[in-house]
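Enquirer: This is the content of target.txt (compact mmCIF, C-alpha atoms):
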```txt
# COMPACT_ATOMS: atom_id res chain seq x y z
CA LEU A 23 -18.35 -11.60 -5.07
CA SER A 24 -17.76 -11.95 -1.33
CA MET A 25 -20.05 -8.98 -0.67
CA ALA A 26 -22.72 -10.48 -2.91
CA LYS A 27 -22.57 -13.67 -0.85
CA GLN A 28 -22.76 -11.73 2.39
CA ILE A 29 -25.79 -9.74 1.29
CA CYS A 30 -27.52 -12.92 0.16
CA ARG A 31 -26.61 -14.71 3.41
CA ASP A 32 -27.84 -11.81 5.54
CA LYS A 33 -31.12 -11.59 3.64
CA ILE A 34 -31.81 -15.31 4.05
CA ASN A 35 -31.01 -15.19 7.76
CA LEU A 36 -33.46 -12.30 8.12
CA GLN A 37 -36.13 -14.37 6.38
CA ILE A 38 -35.45 -17.28 8.72
CA ALA A 39 -35.71 -14.98 11.73
CA PHE A 40 -38.99 -13.54 10.43
CA LEU A 41 -40.55 -16.97 9.91
CA SER A 42 -39.26 -18.26 13.23
CA LYS A 43 -41.41 -15.69 15.02
CA LYS A 44 -44.60 -16.90 13.30
CA ARG A 45 -46.42 -19.63 15.20
CA ASN A 46 -48.77 -20.88 12.50
CA ILE A 47 -46.36 -21.91 9.78
CA ASP A 48 -44.99 -25.36 9.04
CA LYS A 49 -41.39 -25.34 10.25
CA LYS A 50 -40.40 -27.46 7.26
CA HIS A 51 -40.11 -24.20 5.31
CA ILE A 52 -37.38 -22.98 7.66
CA ARG A 53 -35.54 -26.30 7.38
CA ILE A 54 -35.63 -26.12 3.59
CA ILE A 55 -34.37 -22.53 3.57
CA LYS A 56 -31.53 -23.44 5.93
CA LYS A 57 -30.57 -26.32 3.64
CA TYR A 58 -30.34 -23.97 0.66
CA LEU A 59 -28.35 -21.50 2.75
CA SER A 60 -25.84 -24.16 3.77
CA GLY A 61 -24.89 -24.59 0.13
CA LEU A 62 -24.24 -20.91 -0.53
CA SER A 63 -20.52 -21.13 0.22
CA LEU A 64 -20.08 -23.72 -2.54
CA TYR A 65 -20.84 -21.26 -5.32
CA ASN A 66 -18.57 -18.62 -6.77
CA ASP A 67 -20.63 -16.91 -9.45
CA ILE A 68 -23.44 -14.38 -9.26
CA ASN A 69 -25.97 -16.49 -11.17
CA SER A 70 -25.63 -19.36 -8.71
CA ILE A 71 -25.82 -17.02 -5.73
CA MET A 72 -28.97 -15.44 -7.14
CA GLY A 73 -30.30 -18.94 -7.75
CA ILE A 74 -29.92 -19.77 -4.06
CA GLU A 75 -31.58 -16.47 -3.16
CA GLY A 76 -34.47 -17.24 -5.49
CA CYS A 77 -35.03 -20.73 -4.07
CA CYS A 78 -35.07 -19.34 -0.53
CA ALA A 79 -37.44 -16.53 -1.51
CA ARG A 80 -39.86 -18.99 -3.09
CA GLU A 81 -39.91 -21.15 0.05
CA TYR A 82 -40.20 -18.04 2.23
CA PHE A 83 -43.32 -16.84 0.42
CA ASN A 84 -44.73 -20.37 0.44
CA ALA A 85 -44.53 -20.13 4.23
CA ILE A 86 -46.14 -16.68 4.26
CA SER A 87 -49.04 -18.04 2.21
CA GLU A 88 -49.89 -20.24 5.20
CA ILE A 89 -50.50 -17.29 7.51
CA THR A 90 -52.32 -14.80 5.30
CA GLU A 91 -54.52 -14.54 2.20
CA PHE A 92 -51.75 -14.85 -0.32
CA SER A 93 -51.08 -17.32 -3.13
CA LYS A 94 -47.63 -16.44 -4.43
CA ARG A 95 -45.28 -13.51 -4.97
CA ILE A 96 -46.17 -11.74 -8.22
CA ARG A 97 -44.14 -8.69 -9.17
CA HIS A 98 -45.15 -5.72 -11.31
CA PRO A 99 -47.96 -5.54 -11.95
CA ALA A 100 -49.38 -6.94 -8.74
CA LYS A 101 -52.50 -9.06 -9.20
CA ASP A 102 -53.78 -9.04 -5.61
CA PRO A 103 -53.88 -6.65 -2.63
CA LEU A 104 -51.00 -8.16 -0.64
CA ASN A 105 -48.63 -8.12 -3.61
CA SER A 106 -49.71 -4.56 -4.31
CA VAL A 107 -48.80 -3.48 -0.78
CA LEU A 108 -45.49 -5.35 -0.97
CA ASP A 109 -44.55 -3.65 -4.26
CA LEU A 110 -45.34 -0.19 -2.95
CA SER A 111 -43.57 -0.78 0.36
CA TYR A 112 -40.41 -2.04 -1.34
CA THR A 113 -40.49 0.97 -3.66
CA LEU A 114 -40.76 3.48 -0.81
CA ILE A 115 -37.93 1.86 1.13
CA LEU A 116 -35.80 1.67 -2.02
CA GLY A 117 -36.28 5.39 -2.60
CA GLU A 118 -35.05 6.22 0.89
CA ILE A 119 -32.04 3.92 0.52
CA THR A 120 -31.15 5.48 -2.82
CA SER A 121 -31.26 8.97 -1.30
CA VAL A 122 -29.03 7.99 1.63
CA LEU A 123 -26.47 6.23 -0.56
CA SER A 124 -26.34 9.14 -2.99
CA ALA A 125 -25.83 11.60 -0.13
CA MET A 126 -22.88 9.47 1.04
CA GLY A 127 -21.28 9.69 -2.39
CA PHE A 128 -22.04 6.22 -3.72
CA ASP A 129 -22.77 5.52 -7.36
CA VAL A 130 -26.01 3.62 -6.80
CA SER A 131 -25.92 2.07 -10.26
CA ILE A 132 -23.00 -0.20 -9.30
CA GLY A 133 -23.97 -3.04 -6.98
CA PHE A 134 -22.50 -6.26 -5.66
CA LEU A 135 -25.40 -8.69 -5.97
CA HIS A 136 -27.59 -7.01 -8.58
CA GLU A 137 -26.03 -6.60 -11.99
CA ILE A 138 -25.68 -3.23 -13.69
CA LYS A 139 -28.60 -2.26 -15.91
CA ASN A 140 -29.33 1.10 -17.44
CA GLY A 141 -31.24 3.26 -15.00
CA ARG A 142 -31.37 0.64 -12.24
CA PRO A 143 -30.08 1.54 -8.73
CA SER A 144 -28.30 -1.80 -8.29
CA LEU A 145 -26.49 -0.86 -5.07
CA ALA A 146 -29.71 0.43 -3.51
CA LEU A 147 -31.38 -2.86 -4.47
CA ASP A 148 -28.55 -4.69 -2.70
CA ILE A 149 -29.22 -2.74 0.50
CA LEU A 150 -32.98 -3.20 0.10
CA GLU A 151 -32.44 -6.91 0.76
CA TYR A 152 -31.84 -6.02 4.42
CA PHE A 153 -35.20 -4.29 4.71
CA ARG A 154 -37.66 -6.38 2.74
CA VAL A 155 -38.67 -8.21 5.92
CA TYR A 156 -39.92 -4.94 7.41
CA ALA A 157 -42.21 -4.47 4.41
CA ASP A 158 -43.24 -8.12 4.60
CA GLY A 159 -44.13 -7.81 8.27
CA PHE A 160 -46.10 -4.62 7.66
CA ALA A 161 -48.08 -6.22 4.85
CA VAL A 162 -48.76 -9.55 6.56
CA ASN A 163 -49.76 -7.94 9.85
CA GLY A 164 -51.87 -5.31 8.12
CA PHE A 165 -53.97 -7.87 6.28
CA ASN A 166 -54.21 -10.28 9.18
CA ARG A 167 -55.49 -7.46 11.39
CA ARG A 168 -57.96 -6.41 8.67
CA GLU A 169 -56.40 -2.95 8.45
CA PHE A 170 -56.79 -3.21 4.67
CA ASN A 171 -59.83 -4.53 2.82
CA SER A 172 -61.02 -4.96 -0.76
CA CYS A 173 -62.53 -1.45 -0.80
CA ASP A 174 -59.01 -0.01 -0.58
CA PHE A 175 -58.04 -1.50 -3.96
CA ASP A 176 -58.96 -1.15 -7.59
CA ILE A 177 -58.77 -4.74 -8.84
CA THR A 178 -58.93 -5.69 -12.52
CA GLU A 179 -57.96 -8.81 -14.47
CA LYS A 180 -54.53 -7.34 -15.20
CA SER A 181 -53.57 -5.50 -12.03
CA CYS A 182 -54.39 -4.47 -8.49
CA ARG A 183 -53.77 -0.94 -7.24
CA LEU A 184 -54.63 1.05 -4.16
CA THR A 185 -57.44 3.55 -4.63
CA ASP A 186 -56.77 7.19 -3.72
CA ALA A 187 -58.44 6.67 -0.35
CA GLY A 188 -56.63 3.37 0.10
CA PHE A 189 -53.29 5.01 -0.69
CA LYS A 190 -53.87 7.70 1.95
CA LYS A 191 -54.69 5.01 4.50
CA TYR A 192 -51.63 3.02 3.44
CA ILE A 193 -49.22 5.97 3.74
CA LYS A 194 -50.51 6.83 7.20
CA LYS A 195 -50.11 3.25 8.45
CA PHE A 196 -46.76 2.71 6.70
CA SER A 197 -45.27 5.90 8.11
CA HIS A 198 -46.39 4.92 11.60
CA SER A 199 -45.39 1.24 11.46
CA VAL A 200 -42.21 1.11 9.35
CA GLN A 201 -39.78 3.46 11.07
CA ILE A 202 -36.43 2.27 9.78
CA SER A 203 -34.61 5.45 8.74
CA ASP A 204 -31.95 5.00 11.43
CA LYS A 205 -31.41 1.39 10.41
CA ILE A 206 -31.07 2.37 6.75
CA PHE A 207 -28.47 4.98 7.64
CA SER A 208 -26.61 2.43 9.76
CA VAL A 209 -26.42 -0.16 6.99
CA CYS A 210 -25.32 2.40 4.40
CA ASN A 211 -22.75 3.84 6.77
CA ASN A 212 -21.38 0.38 7.57
CA LEU A 213 -21.11 -0.28 3.85
CA LYS A 214 -19.15 2.93 3.44
CA LYS A 215 -16.76 1.86 6.21
CA GLU A 216 -16.44 -1.61 4.68
CA VAL A 217 -15.55 -0.19 1.30
CA LEU A 218 -13.13 2.41 2.66
CA GLU A 219 -11.41 0.30 5.29
CA ARG A 220 -11.48 -3.06 3.50
CA ARG A 221 -12.19 -5.06 6.64
CA CYS A 222 -10.85 -8.16 5.02
CA GLN A 223 -8.01 -10.48 4.35
CA ASN A 224 -6.03 -10.68 1.11
CA GLY A 225 -7.82 -7.65 -0.31
CA LYS A 226 -11.25 -9.28 -0.29
CA MET A 227 -14.38 -8.03 1.40
CA SER A 228 -15.37 -9.85 4.58
CA GLU A 229 -17.77 -12.77 4.07
CA THR A 230 -18.60 -13.11 7.76
CA GLN A 231 -19.34 -9.58 9.02
CA PRO A 232 -22.96 -8.52 8.38
CA LEU A 233 -23.46 -4.91 7.38
CA TYR A 234 -26.10 -4.61 10.05
CA ASN A 235 -27.42 -7.03 12.66
CA CYS A 236 -31.12 -6.70 11.87
CA VAL A 237 -32.03 -10.14 13.19
```
Let me see the file written as structure tokens.

Expert:
Amino acid sequence: LSMAKQICRDKINLQIAFLSKKRNIDKKHIRIIKKYLSGLSLYNDINSIMGIEGCCAREYFNAISEITEFSKRIRHPAKDPLNSVLDLSYTLILGEITSVLSAMGFDVSIGFLHEIKNGRPSLALDILEYFRVYADGFAVNGFNRREFNSCDFDITEKSCRLTDAGFKKYIKKFSHSVQISDKIFSVCNNLKKEVLERRCQNGKMSETQPLYNCV
């Protein structure tokens, strides 16, 4: 539970740091997120922790909607180009995290924050929380700079997907812009040390030491 709190806390702090660098957003969003974060320590169950994470994520994407053409976060299937790029970017980063964790000997199906579900890499999803902001920055900057346009997507009433040409453009830009392999290894390695060494008191995982200082 302490690790679940720490992952959630780290993710929210990364979101705050991301928004703090954007000039054209209403700072009220940051204040609201900080208020939610301040209450995290009061809860001692996963559902409540995930509830705090969800409230912060909603406010975070409300802020992002002020600086790009984006209405709200819609997961699988994406209904608009920005959500489509977010989904794909998260998936690519998740795949790399899963590979690194597996190579280190972790059972990726057993996480701290994300519950166990058949076939789901829950631990990799936990670590993904540290890297979503990189995907968010790539997507927001890409659309604001007009690096992607409507011709790159096949948009229907039910979904929005990159075309073959759009996917090739995306992969080229993603590979150039989102270079985080060293950071992924660092977070996974720090997790391994945390698990093996139990940097804690009374047998509990530390609630104050981030796995990686990405801020």

Enquirer: Kindly list the centre and edge lengths in Å, rounded to one decimal, for the axis-aligned box that covers all listed atoms of stretch 189-195 of chain A plus 3 Å on each of its six sides, as AutoDock Vina command-line options.

Expert:
```
--center_x -52.0 --center_y 5.4 --center_z 3.9 --size_x 11.5 --size_y 10.7 --size_z 15.1
```

Enquirer: In terms of the shortest atom-to-atom distance over only C-alpha atoms, which of A:Ile206, A:Ile96, A:Cys77, A:Leu110 is closest to A:Ile193?

Expert: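 Result for the nearest residue to A:Ile193: A:Leu110.
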
Enquirer: Nearest to A:Ala100 among A:Phe83, A:Phe207, A:Tyr156, A:Phe175, with distances taken over all atoms listed in the file: which residue is it?

Expert: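 Closest to A:Ala100, using all atoms listed in the file: A:Phe175.
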
Enquirer: Please build the interface table for stretch 66-176 of chain A against stretch 46-51 of chain A with a cut-off of 10 Å, listing for each qualifying residue the nearest atom pair and the distance in Å to one decimal; count all atoms listed in the file, order rows by chain and increasing number, and write it as CSV.

Expert:
```
residue,atom,partner,partner_atom,distance
A:Cys78,CA,A:His51,CA,9.1
A:Arg80,CA,A:His51,CA,9.9
A:Glu81,CA,A:His51,CA,6.1
A:Tyr82,CA,A:His51,CA,6.9
A:Phe83,CA,A:His51,CA,9.4
A:Asn84,CA,A:His51,CA,7.7
A:Ala85,CA,A:His51,CA,6.1
A:Ile86,CA,A:Ile47,CA,7.6
A:Ser87,CA,A:Ile47,CA,8.9
A:Glu88,CA,A:Ile47,CA,6.0
A:Ile89,CA,A:Asn46,CA,6.4
```

Enquirer: Please identify every residue of stretch 124-173 of chain A that has at least one atom no farther than 9 Å from an atom of stretch 182-190 of chain A, counting only C-alpha atoms, and for each give the shortest atom pair and the distance in Å to one decimal, arranged by chain then increasing number, as a Markdown table.

Expert:
```
| residue | atom | partner | partner_atom | distance |
| --- | --- | --- | --- | --- |
| A:Phe170 | CA | A:Gly188 | CA | 8.0 |
| A:Asn171 | CA | A:Gly188 | CA | 8.9 |
| A:Cys173 | CA | A:Gly188 | CA | 7.7 |
```

Enquirer: Could you tell me which of A:Ile34, A:Phe134, A:Ile177, A:Ser144 comes closest to A:Val217 if we count only C-alpha atoms?

Expert: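 Of the candidates, the smallest distance to A:Val217 is held by A:Phe134.
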
Enquirer: For A:Val122, which residue out of A:Asn35, A:Ser24, A:Ser106, A:Ser203 is the nearest one, using only C-alpha atoms?

Expert: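 Of all the options, A:Ser203 lies closest to A:Val122.
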
Enquirer: Between A:Arg167, A:His198, A:Lys43, A:Lys33, which one has atoms that come closest to A:Ala79, using all atoms listed in the file?

Expert: A:Lys33

Enquirer: Have a look at A:Ile202, A:Lys56, A:Asp102, A:Arg97 and name the one nearest to A:Glu179; count only C-alpha atoms.

Expert: A:Asp102

Enquirer: Can you list, as a list in words, every protein, DNA or RNA residue that comes within 10 Å of A:Tyr65 when you count all atoms listed in the file, leaving out same-chain residues fewer than 4 positions away?

Expert: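 Listed by chain and then number, they are Leu23, Lys27, Gly61, Asn69, Ser70, Ile71 and Ile74 of chain A.
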
Enquirer: Create the file for the chosen residues now, containing C-alpha atoms and written as a PDB file, in the frame of the given file.

Expert:
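Full text of selection.pdb as output:
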```
ATOM      1  CA  LEU A  23     -18.350 -11.600  -5.070  1.00  0.00           C
ATOM      2  CA  LYS A  27     -22.570 -13.670  -0.850  1.00  0.00           C
ATOM      3  CA  GLY A  61     -24.890 -24.590   0.130  1.00  0.00           C
ATOM      4  CA  ASN A  69     -25.970 -16.490 -11.170  1.00  0.00           C
ATOM      5  CA  SER A  70     -25.630 -19.360  -8.710  1.00  0.00           C
ATOM      6  CA  ILE A  71     -25.820 -17.020  -5.730  1.00  0.00           C
ATOM      7  CA  ILE A  74     -29.920 -19.770  -4.060  1.00  0.00           C
TER       8      ILE A  74
END
```

Enquirer: Find the spatial neighbours of A:Glu151, counting only C-alpha atoms, within a cut-off of 10 Å - ignore same-chain residues fewer than 2 positions away - and output them as a list in words.

Expert: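 Counting only the stated atoms, we get Ile29, Cys30, Asp32, Lys33, Ile34, Leu36, Tyr112, Leu116, Leu135, Ala146, Leu147, Asp148, Ile149, Phe153, Arg154 and Val155 of chain A.
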
Enquirer: What does the structure give for the distance between atom CA of A:Phe196 and atom CA of A:Gly164, in Å to one decimal?

Expert: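 That distance, rounded to one decimal, is 9.6 Å.
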
Enquirer: In Å, rounded to a single decimal, give me how far atom CA of A:Ala161 is from atom CA of A:Ser42.

Expert: 17.1 Å

Enquirer: Around (-55.8, -12.3, 9.7) in the file's own coordinates, what residues are found within 8 Å if you use all atoms listed in the file, given back as number ranges by chain?

Expert: A: 89-91, 163, 165-168

Enquirer: Could you tell me how far atom CA of A:Lys214 sits from atom CA of A:Ser63, in Å to one decimal place?

Expert: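 That distance, rounded to one decimal, is 24.3 Å.
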